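Before any comments, here is the structure.
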Amino acid sequence: MFDFSIVTHWIDNLLRSVMPGWGALLIEFVLVGVVLLLLYAVLALFYIYFERKVCAFFQCRLGPNRVGPYGIFQSVADMFKILIKELITLNHSDKFLFNLAPYLVIVASMLAFGCLPFGKGLQVIDFNIGIFFLIAVSSIGVLGILLAGWSSNNKYTLIGAIRSGAQMVSYELSIGFSVLTMVVFAGTMSITGIVEAQSNGWFIFTGHIPAIVAFLIYLVAGTAETNRGPFDLPEAESELTAGYHTEYSGIHFGFFYLAEYLNLFIVSGVASLLFLGGWMPLHIPGWESFNQIMDYIPSVIWFFGKAVVISFIIIWFKWTFPRLRIDQLLRLEWKYLLPLNLINLFIMVLVVIYGLHF
Amino acid sequence: MNSALFVVVLITGLALVGAALLIAGLISPRSFNPQKGEAYECGIPSRGESWMQFKVGYYLFAILYLMFDVETVFLFPWAVILKDLGVAGLVNILFFMVILILGLVYAWKKGALEWK
Amino acid sequence: MANIQQEISSFLSEATFVEGPILEVSVPEAKWHELALYLHDKLHFDYLVSIVGMDWGETMGCVYYLTRTADNSQVSVKVEIADRENPLIHSITDLWKSALLYEREVYDFFGIRFINHPDMRRLFLRNDWVGYPLRKDYNADPEVNPIRLEHEAVDDVTHAIVETPDGKLEERTNTLFGPEEFVVNIGPQHPATHGVLRLRTSLDGENVKKIDVYCGYVHRGIEKLCESLTYPQTLHFADRLDYLSAQQNRHAVCLCIEDALQVEVPARAQYVRTIMDELMRISSHLLFWSTFCMDLGGTTAFFYGFRDREKILDIFEETCGARMTFNYYTIGGLMADIHPDFQRKVKEFCAYLPAKLKEYHTLFTGNVIAQQRMKGVGLLSREDAISYGIAGPSGRASGWACDVRKNHPYALYDKVEFNEVVRTEGDVYARYMVRLDEILESIHIIEQLIDNIPEGDYAVKMKPIIKLPEGRFFRQVEASRGPLGIFIESHGDKNPYRLKINSACLPLVGGLDPMCRNGKIADLIAIGGSLDYVIPDMDR
Amino acid sequence: MEVKIKSMKYEDFKDNEYIEQLIKELKASNTNVVVGCLDEVIDWGRSNSLWPLTFATSCCGIEFMSLGAARYDMARFGFEVARASPRQADFVMVAGTIVHRMAPVLRRLYDQLAEPKYVVAVGGCAVSGGPFRKSYHVLKGVDEILPVDVYIPGCPPRPEAMFYGLMQLQRKVKVEKFFGGVNRQEKRDKVFGK
């Protein structure tokens with residue numbers, strides 16, 4: 001398996017050989033920033049296109065097919081347009097908070113994005129409490145949504161914002177507990193550690209029942225966290241016109257749009273790293289030649305492949321299920337998912353203590 | 001190194017928003033009219049302020065969340081070293097968990113989990 | 001019929017009678033409320049079909065159409081008043097809830113005010129509108145009512161004329177919304193109101209406290225326009241009323257005129273009309289399914305429904321040449337013969353759809369979330385349905401067998417065999433299921449007819465200028481959303497003196513407020529979707 | 001210069017004079033190369049991503065829905081996302097009759113649309129009042145209160161006709177001058193005074 005840290009070290013050494021240490025560091029930082037930015041933008045555009053095509057095929061349509069071959073530049077055109085659309089300033093809004101909200105949303109998703117291991121040795125932020133940090137920063141996003149809805153001084157956005165507050169806060173718990181279940185299993189919070197621990201088999205296979213339950217809960221809660229699919233109450237189009245971002249125009253709205261898709265990627269990325277081994281190839285103990293073939297597939301492809309597959313499932317949710325009502329949404333979390341999660345955690349603890357896993 | 005990278009990512013995020021807003025602010029078209037800055041409410045002028053006291057039901061869940069989330073935070077360090085603690089770790093944390101679950105049961109019985 | 005006449009005359013000696021298909025009773029205004037009470041409580045005329053405001057030149061007044069749901073006998077009451085400056089009639093909102101909107105409509109068009117009506121505001125026109133457009137002396141000068149681009153003032157109070165126990169009249173105001181209430185406008189420009197309906201909704205968090213309905217955002221003045229058109233010309237408005245039951249609407253107008261002229265429509269035309277009506281019903285219910293699912297957030301269903309609806313539109317297009325406004329029925333028959341492929345395609349479609357309906361049920365009806373969203377939401381009892389006049393599929397979901405096709409058969413509905421789909425739950429789910437089951441019944445009707453279309457003329461030849469005999473004519477058909485009534489008063493000219501369209505959708509929004517109270521915003525959307533109103537039909 | 005729309009030939013647009021006129025004006029205004037290139041890129045983006053406002057009053061609205069549905073699928077052309085909020089929409093399809101009561105509402109919606117914005121009048125009613133022209137409560141065409149970019153006649157127009165109209169709008173957007181043209185910065189004082 002190719003280790004991308006070889007490349008990064010090579011670049012590091014090269015830079016250090018021609019300039020002082022701080023200069024090299026500076027250039028590296030800029031490089032990291034630029035690469036991250038590009039990846040972020042390209043992924044968002046890809047996801048927008050991907051979702052449109054997928055939903056079009058669910059709905060017996062073709063989806064975008066005029067801009068570029070198979071319409072692949074459709075989302076690029078959309079972003080161009082959104083970028084140069086007017087930014088409307090509202091008369092009676094809280095201007096500071098109104099402008100702050102997109103920053104929070106984007107920064108939260110960017111920080112969470114930076115934590116993801118895209119491949120072997122290809123990770124920007126790697127703390128020993130990585131997964132904990134990831135959950136923490138990604139929940140800043142809800143603040144952005146709350147502020148957006150509150151500051152617009154519009155009744156629809158206010159209802160949307162408060163809905164999303166109640167929803168995100170509730171499902172944050174489920175995410176926390178299902179991640180906790182996997183941390184118990186992995187015995188580490190470091191993202192690298194979690195991935196390395198799966199070299200002999202992905203957690204979803206080795207942790208059998210509790211891991212599968214945790215995976216399902218995570219999928220449901222993750223869908224809710226991204227405001228998608230049956231849980232899109234904060235921007236329920238048939239109820240609140242456009243929900244919390246009703247008053248945002250142009251690129252302001254574009255940020256929420258981008259962040260929504262990026263969050264989809266982050267949720268599926270985290271799911272893949274917790275349950276499906278992140279960038280770790282599929283290894284089946286005993287099948288050495290099979291494992292070797294799997295090793296030839298680059299780690300980056302493994303990671304993105306898994307993430308896209310999980311995203312596909314989440315998109316599938318969205319285009320199949322009708323929307324929940326707020327009381328049903330909260331009931332699902334507090335009366336079903338939370339107790340289930342606690343029991344599941346307990347089972348996982350037993351599994352770990354008595355070594356019942358593979 | 002990691003905290004420095006953290007700052008780098010943070011700045012990247014800020015730069016993305018800042019730069020895009022700058023471009024949009026510089027070249028995007030503008031028009032002004034008296035109705036533009038007003039709130040959109042299906043094409044009808046709003047009645048009164050929308051910043052007003054709001055139903056307490058939403059906040060109830062925020063408080064419940066606080067209770068549980070703080071507990072999960074305590075559980076994380078325990079989870080990491082569970083393998084070393086073994087059964088003792090499980091028994092010790094059970095006391096903690098039971099109190100937590102009692103809290104949930106209490107809230108359930110009180111009807112706090114029911115949307116009103 | 002004679003029985004009713006006897007009972008009324010024994011109760012009220014002043015009443016005079018005009019015999020006809022529907023018995024017409026004339027009473028002086030002072031006795032009207034007394035008679036209404038008698039009709040409602042003693043004779044059990046519990047369904048107010050329509051209130052037709054009238055301007056007879058010298059006098060003004062209303063014609064009320066009432067139905068007894070027990071045996072579907074009908075009676076009409078004419079109330080005439082001479083005072084044109086300050087016309088006042090006693091309100092019957094205490095007996096029939098549907099009068100709440102009907103009387104406001106009469107006030108809006110004729111300026112007749114109703115004593116004891118709690119809410120005498122205009123219904124369709126702006127509240128700063130000058131004049132009453134359906135009066136014969138209305139000043140139509142555009143200078144009087146120019147296009148105003150400023151918004152109309154919001155009214156949080158309503159005005160009412162109340163009769164005190166000692167018989168004096170007093171002006172009172174009723175509060176609609178208190179100053180501290182959180183009032184949100186849902187509509188006119190809202191994806192879930194199915195057009196430009198405005199619901200001023202008072203919210204308490206997510207809960208709906210009160211809804212005030214504002215109509216008229218697409219009020220096009222069809223009734224007034226008809227007064228200056230000849231009878232064949234009035235037909236083409238019918239297609240544009242409730243464009244989702246265009247054929248049935250046109251059927252109603254044709255029936256009314258044919259009735260008055262006593263024209264016998266050829267059998268071939270009858271067959272084709274019945275089939276077309278049912279196809280239209282299927283297409284309308286498919287559209288209902290699509291939009292209802294979309295309102296609940298199930299977007300994919302929308303596309304499936306439209307995919308199958310397109311197949312019906314293809315059939316229509318071959319014969320009528322249009323996808324929406326067909327202009328197909330005409331007085332005395334049809335505009336043109338059916339397309340040679342018509343029978344084959346309809347049969348293909350009838351074979352195709354039931355399988356798709358099963359798919360719909362697996363995709364949406366069986367879904368846990370959908371069930372939770374629909375069951376037990378928006379309850380409407382049978383009594384309320386009758387009182388609010390919520391007929392059609394929505395009324396049948398509350399256990400009220402109100403199908404005009406069964407009660408007063410027209411075309412071939414007395415010759416074909418079909419079940420009237422009635423459910424008793426009265427919730428959103430029942431309204432949803434009634435419509436989907438009606439699709440199957442419609443297919444059943446079509447299958448009985450499609451192979452037996454007789455040869456022969458498709459229309460009788462009419463005179464170039466059609467003049468109706470003097471009189472009042474009222475006919476109803478079962479449109480996709482409920483009974484659509486056409487009232488024509490003819491003074492023997494080539495254009496109607498008054499043509500009133502009794503829409504099926506206006507009573508539906510009247511029932512929104514009681515159904516949505518204490519529900520959530522999401523329930524409001526679901527209830528609105530399940531009632532399936534079409535705004536241009538209620539606004540006319 | 002030809003204004004190209006994918007899969008629709010230049011000759012198939014029957015009324016090219018208006019677009020030719022726009023091109024002539026564009027050429028006469030002598031933009032420099034950089035701005036001209038940028039303009040082209042921006043116009044490419046904008047013309048391929050016109051998002052409609054979900055606005056409909058009557059019959060034409062149903063045809064507008066069929067336009068988005070499976071058989072016609074306007075997502076193919078980039079009219080994908082019908083936004084319910086005017087802040088995020090690019091053009092408003094006035095599908096249906098506009099009456100006196102609706103006029104201030106529509107005007108407000110138009111005012112609240114973010115620039116650059118376009119209006120497409122769909123159907124006889126929006127074009128001229130259609131069959132209801134003589135009514136006391138109907139506008140004789142939506143152009144009495146809004147500037148209209150494209151008229152699509154019909155009662156209601158077929159979805160194909162709507163596509164044709166929307167492609168005309170795309171062509172119009174394609175030849176627009178963005179810098180110093182569409183994006184001219186209007187001064188706030190002009191509207192509100194000092």
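Ligands are numbered from 1 in the order shown, residues from 1 within each chain, and chains are lettered A, B, ... in the order they appear in the structure tokens.
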Within 8 Å of chain C, which residues belong to chain B? Use only C-alpha atoms and report them as an mmCIF file with N, CA, C and O atoms, in the first residue's frame.
data_model
loop_
_atom_site.group_PDB
_atom_site.id
_atom_site.type_symbol
_atom_site.label_atom_id
_atom_site.label_comp_id
_atom_site.auth_asym_id
_atom_site.auth_seq_id
_atom_site.Cartn_x
_atom_site.Cartn_y
_atom_site.Cartn_z
ATOM 1 N N GLU B 41 -42.160 37.082 3.047
ATOM 2 C CA GLU B 41 -43.172 36.252 3.707
ATOM 3 C C GLU B 41 -44.268 35.960 2.694
ATOM 4 O O GLU B 41 -45.383 36.447 2.790
ATOM 5 N N CYS B 42 -43.910 35.184 1.699
ATOM 6 C CA CYS B 42 -44.846 34.796 0.650
ATOM 7 C C CYS B 42 -45.385 36.004 -0.099
ATOM 8 O O CYS B 42 -46.501 35.972 -0.613
ATOM 9 N N GLY B 43 -44.634 37.076 -0.146
ATOM 10 C CA GLY B 43 -45.038 38.220 -0.954
ATOM 11 C C GLY B 43 -45.961 39.182 -0.255
ATOM 12 O O GLY B 43 -46.511 40.079 -0.881
ATOM 13 N N ILE B 44 -46.154 39.026 1.038
ATOM 14 C CA ILE B 44 -47.027 39.909 1.800
ATOM 15 C C ILE B 44 -46.170 40.562 2.882
ATOM 16 O O ILE B 44 -45.316 39.899 3.459
ATOM 17 N N PRO B 45 -46.370 41.847 3.143
ATOM 18 C CA PRO B 45 -45.592 42.475 4.220
ATOM 19 C C PRO B 45 -45.837 41.770 5.553
ATOM 20 O O PRO B 45 -46.958 41.350 5.837
ATOM 21 N N SER B 46 -44.789 41.646 6.321
ATOM 22 C CA SER B 46 -44.891 40.958 7.612
ATOM 23 C C SER B 46 -45.726 41.760 8.584
ATOM 24 O O SER B 46 -45.786 42.972 8.512
ATOM 25 N N ARG B 47 -46.305 41.045 9.506
ATOM 26 C CA ARG B 47 -47.067 41.727 10.545
ATOM 27 C C ARG B 47 -46.235 41.600 11.816
ATOM 28 O O ARG B 47 -45.980 40.515 12.319
ATOM 29 N N SER B 50 -40.596 39.470 14.120
ATOM 30 C CA SER B 50 -40.506 38.029 14.276
ATOM 31 C C SER B 50 -39.615 37.681 15.466
ATOM 32 O O SER B 50 -39.576 36.540 15.889
ATOM 33 N N PHE B 54 -40.509 32.740 22.144
ATOM 34 C CA PHE B 54 -40.861 31.568 21.367
ATOM 35 C C PHE B 54 -41.144 30.402 22.288
ATOM 36 O O PHE B 54 -40.701 30.355 23.416
ATOM 37 N N LYS B 55 -41.892 29.490 21.758
ATOM 38 C CA LYS B 55 -42.380 28.355 22.533
ATOM 39 C C LYS B 55 -41.256 27.636 23.289
ATOM 40 O O LYS B 55 -40.180 27.404 22.765
ATOM 41 N N GLY B 57 -41.092 24.622 24.298
ATOM 42 C CA GLY B 57 -40.915 23.210 23.952
ATOM 43 C C GLY B 57 -39.560 22.897 23.339
ATOM 44 O O GLY B 57 -38.938 21.884 23.646
#
Legend entry - At most 6 Å to chain C: residues in chain D, only C-alpha atoms, as a PyMOL selection string: chain D and resi 57+59+69-70+99-102+104+135+137-138
Using only C-alpha atoms, what table do you get, as a tab-separated table, when you list each residue of chain B with an atom no more than 7 Å from chain D, its nearest pair of atoms, and their distance in Å rounded to one decimal, rows by chain then rising number?
residue	atom	partner	partner_atom	distance
B:Ile27	CA	D:Asn183	CA	6.8
B:Ser28	CA	D:Asn183	CA	5.9
B:Pro29	CA	D:Asn183	CA	3.8
B:Arg30	CA	D:Gln185	CA	5.4
B:Ser31	CA	D:Glu186	CA	5.5
B:Phe32	CA	D:Arg188	CA	6.0
B:Asn33	CA	D:Val191	CA	6.3
B:Gln35	CA	D:Asp111	CA	6.2
B:Lys36	CA	D:Gln112	CA	4.6
B:Gly43	CA	D:Val105	CA	4.9
B:Ile44	CA	D:Val105	CA	6.2
For the interface of chain D with chain A (cut-off 10 Å, counting only C-alpha atoms), please tabulate each contacting residue of chain D alongside its nearest pair of atoms and their separation in Å to one decimal, rows sorted by chain and increasing number, as a Markdown table.
| residue | atom | partner | partner_atom | distance |
| --- | --- | --- | --- | --- |
| D:Ile5 | CA | A:Arg66 | CA | 9.0 |
| D:Lys6 | CA | A:Arg66 | CA | 6.4 |
| D:Ser7 | CA | A:Arg66 | CA | 8.2 |
| D:Val41 | CA | A:Phe80 | CA | 8.5 |
| D:Ile42 | CA | A:Phe80 | CA | 6.7 |
| D:Asp43 | CA | A:Lys81 | CA | 8.5 |
| D:Trp44 | CA | A:Ala77 | CA | 7.1 |
| D:Gly45 | CA | A:Ala77 | CA | 4.0 |
| D:Arg46 | CA | A:Lys81 | CA | 4.9 |
| D:Ser47 | CA | A:Ala77 | CA | 8.4 |
| D:Asn48 | CA | A:Ala77 | CA | 6.3 |
| D:Ser49 | CA | A:Asp78 | CA | 5.2 |
| D:Leu50 | CA | A:Asp78 | CA | 8.3 |
| D:Trp51 | CA | A:Asp78 | CA | 9.1 |
| D:Thr54 | CA | A:Thr241 | CA | 9.8 |
| D:Gly68 | CA | A:Arg61 | CA | 9.5 |
| D:Ala69 | CA | A:Arg61 | CA | 7.8 |
| D:Ala70 | CA | A:Arg61 | CA | 5.1 |
| D:Arg71 | CA | A:Arg61 | CA | 7.3 |
| D:Tyr72 | CA | A:Arg61 | CA | 8.4 |
| D:Asp73 | CA | A:Arg61 | CA | 6.3 |
| D:Met74 | CA | A:Gly63 | CA | 8.2 |
| D:Ala75 | CA | A:Pro64 | CA | 5.3 |
| D:Arg76 | CA | A:Pro64 | CA | 3.8 |
| D:Phe77 | CA | A:Arg66 | CA | 5.7 |
| D:Gly78 | CA | A:Pro64 | CA | 6.0 |
| D:Phe79 | CA | A:Pro64 | CA | 8.8 |
| D:Glu80 | CA | A:Pro64 | CA | 7.6 |
| D:Val81 | CA | A:Arg52 | CA | 9.7 |
| D:Arg83 | CA | A:Ala242 | CA | 7.5 |
| D:Ala84 | CA | A:Thr241 | CA | 5.2 |
| D:Ser85 | CA | A:Thr246 | CA | 5.7 |
| D:Pro86 | CA | A:Thr246 | CA | 8.3 |
| D:Arg87 | CA | A:Ser249 | CA | 4.8 |
| D:Gln88 | CA | A:Ser249 | CA | 5.2 |
| D:Ala89 | CA | A:Ser249 | CA | 8.6 |
| D:Asp90 | CA | A:Lys85 | CA | 8.8 |
| D:Gln112 | CA | A:Ile88 | CA | 8.7 |
| D:Leu113 | CA | A:Ser249 | CA | 8.8 |
| D:Ala114 | CA | A:Glu86 | CA | 5.4 |
| D:Glu115 | CA | A:Glu86 | CA | 5.2 |
| D:Pro116 | CA | A:Lys85 | CA | 6.6 |
| D:Lys117 | CA | A:Lys85 | CA | 9.4 |
| D:Phe178 | CA | A:Ile84 | CA | 9.9 |
| D:Asn183 | CA | A:Ile84 | CA | 9.0 |
Inset, instruction - May I have all residues of chain D that DSSP, computed from the backbone, assigns to helix (DSSP H, G or I), given as a PyMOL selection string? - result: chain D and resi 10-12+17-28+33-47+59-68+74-77+103-112+123-128+130-132+142-144+159-174+178-182+188-192
Once you have the residues from the selection above, write them out as an mmCIF file, in the first residue's frame, restricted to C-alpha atoms.
data_model
loop_
_atom_site.group_PDB
_atom_site.id
_atom_site.type_symbol
_atom_site.label_atom_id
_atom_site.label_comp_id
_atom_site.auth_asym_id
_atom_site.auth_seq_id
_atom_site.Cartn_x
_atom_site.Cartn_y
_atom_site.Cartn_z
ATOM 1 C CA TYR D 10 -29.347 28.468 -34.763
ATOM 2 C CA GLU D 11 -31.737 28.375 -37.706
ATOM 3 C CA ASP D 12 -34.427 26.794 -35.581
ATOM 4 C CA GLU D 17 -33.471 39.898 -35.188
ATOM 5 C CA TYR D 18 -33.651 40.696 -31.527
ATOM 6 C CA ILE D 19 -30.602 38.644 -30.644
ATOM 7 C CA GLU D 20 -28.725 40.024 -33.674
ATOM 8 C CA GLN D 21 -29.485 43.483 -32.422
ATOM 9 C CA LEU D 22 -28.081 42.585 -29.013
ATOM 10 C CA ILE D 23 -24.926 41.203 -30.597
ATOM 11 C CA LYS D 24 -24.517 44.334 -32.656
ATOM 12 C CA GLU D 25 -24.795 46.465 -29.566
ATOM 13 C CA LEU D 26 -22.334 44.227 -27.801
ATOM 14 C CA LYS D 27 -19.822 44.589 -30.633
ATOM 15 C CA ALA D 28 -20.266 48.314 -30.867
ATOM 16 C CA VAL D 33 -10.240 41.277 -24.333
ATOM 17 C CA VAL D 34 -9.967 40.348 -20.668
ATOM 18 C CA VAL D 35 -13.344 41.699 -19.724
ATOM 19 C CA GLY D 36 -14.831 40.197 -22.860
ATOM 20 C CA CYS D 37 -13.488 36.750 -22.010
ATOM 21 C CA LEU D 38 -14.649 37.035 -18.438
ATOM 22 C CA ASP D 39 -18.018 38.083 -19.736
ATOM 23 C CA GLU D 40 -18.211 34.980 -21.849
ATOM 24 C CA VAL D 41 -17.367 32.735 -18.938
ATOM 25 C CA ILE D 42 -19.868 34.423 -16.693
ATOM 26 C CA ASP D 43 -22.587 34.361 -19.315
ATOM 27 C CA TRP D 44 -21.902 30.686 -19.876
ATOM 28 C CA GLY D 45 -22.396 30.043 -16.205
ATOM 29 C CA ARG D 46 -25.467 32.177 -15.895
ATOM 30 C CA SER D 47 -27.252 30.989 -18.980
ATOM 31 C CA CYS D 59 -53.448 26.396 -15.603
ATOM 32 C CA CYS D 60 -49.998 27.258 -16.911
ATOM 33 C CA GLY D 61 -48.639 26.319 -13.523
ATOM 34 C CA ILE D 62 -49.635 22.715 -14.118
ATOM 35 C CA GLU D 63 -47.801 22.735 -17.417
ATOM 36 C CA PHE D 64 -44.868 24.282 -15.600
ATOM 37 C CA MET D 65 -44.991 21.313 -13.252
ATOM 38 C CA SER D 66 -45.021 18.912 -16.181
ATOM 39 C CA LEU D 67 -41.998 20.780 -17.427
ATOM 40 C CA GLY D 68 -40.139 19.708 -14.331
ATOM 41 C CA MET D 74 -36.137 20.780 -17.364
ATOM 42 C CA ALA D 75 -33.234 19.752 -15.123
ATOM 43 C CA ARG D 76 -31.482 18.727 -18.324
ATOM 44 C CA PHE D 77 -30.952 22.355 -19.261
ATOM 45 C CA ALA D 103 -50.376 42.576 -8.602
ATOM 46 C CA PRO D 104 -48.708 44.099 -5.517
ATOM 47 C CA VAL D 105 -47.666 40.643 -4.355
ATOM 48 C CA LEU D 106 -46.052 39.818 -7.669
ATOM 49 C CA ARG D 107 -44.378 43.197 -7.759
ATOM 50 C CA ARG D 108 -42.992 42.558 -4.291
ATOM 51 C CA LEU D 109 -41.730 39.154 -5.348
ATOM 52 C CA TYR D 110 -40.033 40.717 -8.338
ATOM 53 C CA ASP D 111 -38.515 43.428 -6.178
ATOM 54 C CA GLN D 112 -37.179 40.850 -3.800
ATOM 55 C CA GLY D 123 -49.551 31.901 -21.485
ATOM 56 C CA GLY D 124 -52.176 34.185 -22.846
ATOM 57 C CA CYS D 125 -53.177 35.569 -19.468
ATOM 58 C CA ALA D 126 -49.706 36.712 -18.516
ATOM 59 C CA VAL D 127 -48.994 37.999 -22.016
ATOM 60 C CA SER D 128 -52.154 40.009 -22.556
ATOM 61 C CA GLY D 130 -55.944 36.250 -22.545
ATOM 62 C CA PRO D 131 -59.580 35.218 -22.419
ATOM 63 C CA PHE D 132 -60.071 37.336 -19.308
ATOM 64 C CA VAL D 142 -48.062 41.225 -16.731
ATOM 65 C CA ASP D 143 -45.938 43.829 -18.508
ATOM 66 C CA GLU D 144 -48.190 46.439 -16.961
ATOM 67 C CA PRO D 159 -44.088 22.295 -22.486
ATOM 68 C CA GLU D 160 -42.135 22.321 -25.736
ATOM 69 C CA ALA D 161 -43.143 25.932 -26.236
ATOM 70 C CA MET D 162 -42.012 26.720 -22.736
ATOM 71 C CA PHE D 163 -38.644 25.149 -23.474
ATOM 72 C CA TYR D 164 -38.374 27.224 -26.598
ATOM 73 C CA GLY D 165 -39.090 30.325 -24.583
ATOM 74 C CA LEU D 166 -36.600 29.376 -21.922
ATOM 75 C CA MET D 167 -33.954 28.763 -24.559
ATOM 76 C CA GLN D 168 -34.646 32.214 -25.884
ATOM 77 C CA LEU D 169 -33.998 33.484 -22.390
ATOM 78 C CA GLN D 170 -30.757 31.538 -22.317
ATOM 79 C CA ARG D 171 -29.736 33.123 -25.592
ATOM 80 C CA LYS D 172 -30.520 36.525 -24.267
ATOM 81 C CA VAL D 173 -28.444 35.900 -21.163
ATOM 82 C CA LYS D 174 -25.608 34.601 -23.317
ATOM 83 C CA PHE D 178 -21.928 41.560 -17.673
ATOM 84 C CA PHE D 179 -19.227 44.036 -16.721
ATOM 85 C CA GLY D 180 -20.529 47.508 -17.175
ATOM 86 C CA GLY D 181 -23.745 46.045 -18.503
ATOM 87 C CA VAL D 182 -25.892 43.875 -16.346
ATOM 88 C CA ARG D 188 -28.641 53.599 -3.449
ATOM 89 C CA ASP D 189 -29.203 57.340 -3.233
ATOM 90 C CA LYS D 190 -31.050 57.357 -6.516
ATOM 91 C CA VAL D 191 -33.834 55.350 -5.030
ATOM 92 C CA PHE D 192 -33.918 56.431 -1.457
#
Legend entry - Shell around range 82-85 of chain B at 9 Å using only C-alpha atoms, local window under 2 positions removed, as an MDAnalysis selection string: (chainID A and resid 184:185 187 349 352:353) or (chainID B and resid 77:80 87:90)
Atoms to include: N, CA, C and O atoms. Write the selected residues as a JSON list (two decimals), in the first residue's frame.
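Listed below is the output, part14.json:
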[["chain", "number", "residue", "atom", "x", "y", "z"],
["A", 184, "VAL", "N", -15.11, 2.51, 22.15],
["A", 184, "VAL", "CA", -14.96, 1.41, 23.10],
["A", 184, "VAL", "C", -14.32, 0.23, 22.38],
["A", 184, "VAL", "O", -13.40, -0.41, 22.89],
["A", 185, "PHE", "N", -14.78, -0.02, 21.18],
["A", 185, "PHE", "CA", -14.30, -1.17, 20.44],
["A", 185, "PHE", "C", -12.86, -0.98, 19.99],
["A", 185, "PHE", "O", -12.04, -1.89, 20.10],
["A", 187, "GLY", "N", -10.69, 1.25, 21.22],
["A", 187, "GLY", "CA", -9.78, 1.54, 22.32],
["A", 187, "GLY", "C", -8.92, 2.75, 22.08],
["A", 187, "GLY", "O", -7.92, 2.96, 22.75],
["A", 349, "VAL", "N", -19.68, -3.05, 25.31],
["A", 349, "VAL", "CA", -18.73, -3.13, 26.43],
["A", 349, "VAL", "C", -18.52, -4.59, 26.81],
["A", 349, "VAL", "O", -17.38, -5.03, 26.98],
["A", 352, "VAL", "N", -16.39, -6.28, 24.27],
["A", 352, "VAL", "CA", -14.97, -5.93, 24.37],
["A", 352, "VAL", "C", -14.33, -6.60, 25.57],
["A", 352, "VAL", "O", -13.25, -7.17, 25.49],
["A", 353, "ILE", "N", -15.01, -6.55, 26.70],
["A", 353, "ILE", "CA", -14.40, -7.07, 27.93],
["A", 353, "ILE", "C", -14.19, -8.58, 27.84],
["A", 353, "ILE", "O", -13.15, -9.10, 28.20],
["B", 77, "PRO", "N", -13.27, 9.27, 27.75],
["B", 77, "PRO", "CA", -11.98, 8.79, 28.28],
["B", 77, "PRO", "C", -12.07, 7.38, 28.83],
["B", 77, "PRO", "O", -11.15, 6.57, 28.64],
["B", 78, "TRP", "N", -13.21, 7.09, 29.43],
["B", 78, "TRP", "CA", -13.40, 5.73, 29.97],
["B", 78, "TRP", "C", -13.38, 4.71, 28.83],
["B", 78, "TRP", "O", -12.79, 3.65, 28.96],
["B", 79, "ALA", "N", -14.02, 5.09, 27.73],
["B", 79, "ALA", "CA", -14.11, 4.16, 26.61],
["B", 79, "ALA", "C", -12.74, 3.78, 26.09],
["B", 79, "ALA", "O", -12.50, 2.63, 25.71],
["B", 80, "VAL", "N", -11.81, 4.75, 26.10],
["B", 80, "VAL", "CA", -10.49, 4.49, 25.51],
["B", 80, "VAL", "C", -9.74, 3.43, 26.31],
["B", 80, "VAL", "O", -9.08, 2.56, 25.74],
["B", 87, "VAL", "N", -13.55, -5.79, 33.68],
["B", 87, "VAL", "CA", -14.86, -5.84, 34.31],
["B", 87, "VAL", "C", -15.01, -4.75, 35.36],
["B", 87, "VAL", "O", -16.08, -4.14, 35.51],
["B", 88, "ALA", "N", -13.93, -4.44, 36.06],
["B", 88, "ALA", "CA", -14.00, -3.39, 37.08],
["B", 88, "ALA", "C", -14.45, -2.08, 36.47],
["B", 88, "ALA", "O", -15.30, -1.37, 37.03],
["B", 89, "GLY", "N", -13.93, -1.78, 35.30],
["B", 89, "GLY", "CA", -14.31, -0.55, 34.61],
["B", 89, "GLY", "C", -15.79, -0.54, 34.29],
["B", 89, "GLY", "O", -16.47, 0.48, 34.45],
["B", 90, "LEU", "N", -16.29, -1.70, 33.91],
["B", 90, "LEU", "CA", -17.71, -1.79, 33.57],
["B", 90, "LEU", "C", -18.56, -1.54, 34.80],
["B", 90, "LEU", "O", -19.50, -0.73, 34.78]]
Inset, instruction - Provide the CA of Val270 in chain A to CA of Ile209 in chain A distance in Å, to one decimal place. - result: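 Separation of CA of Val270 in chain A and CA of Ile209 in chain A: 19.3 Å.
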Inset, instruction - Tell me, in Å to one decimal, how far CA of Ile443 in chain C is from CA of Tyr458 in chain C. - result: 22.8 Å
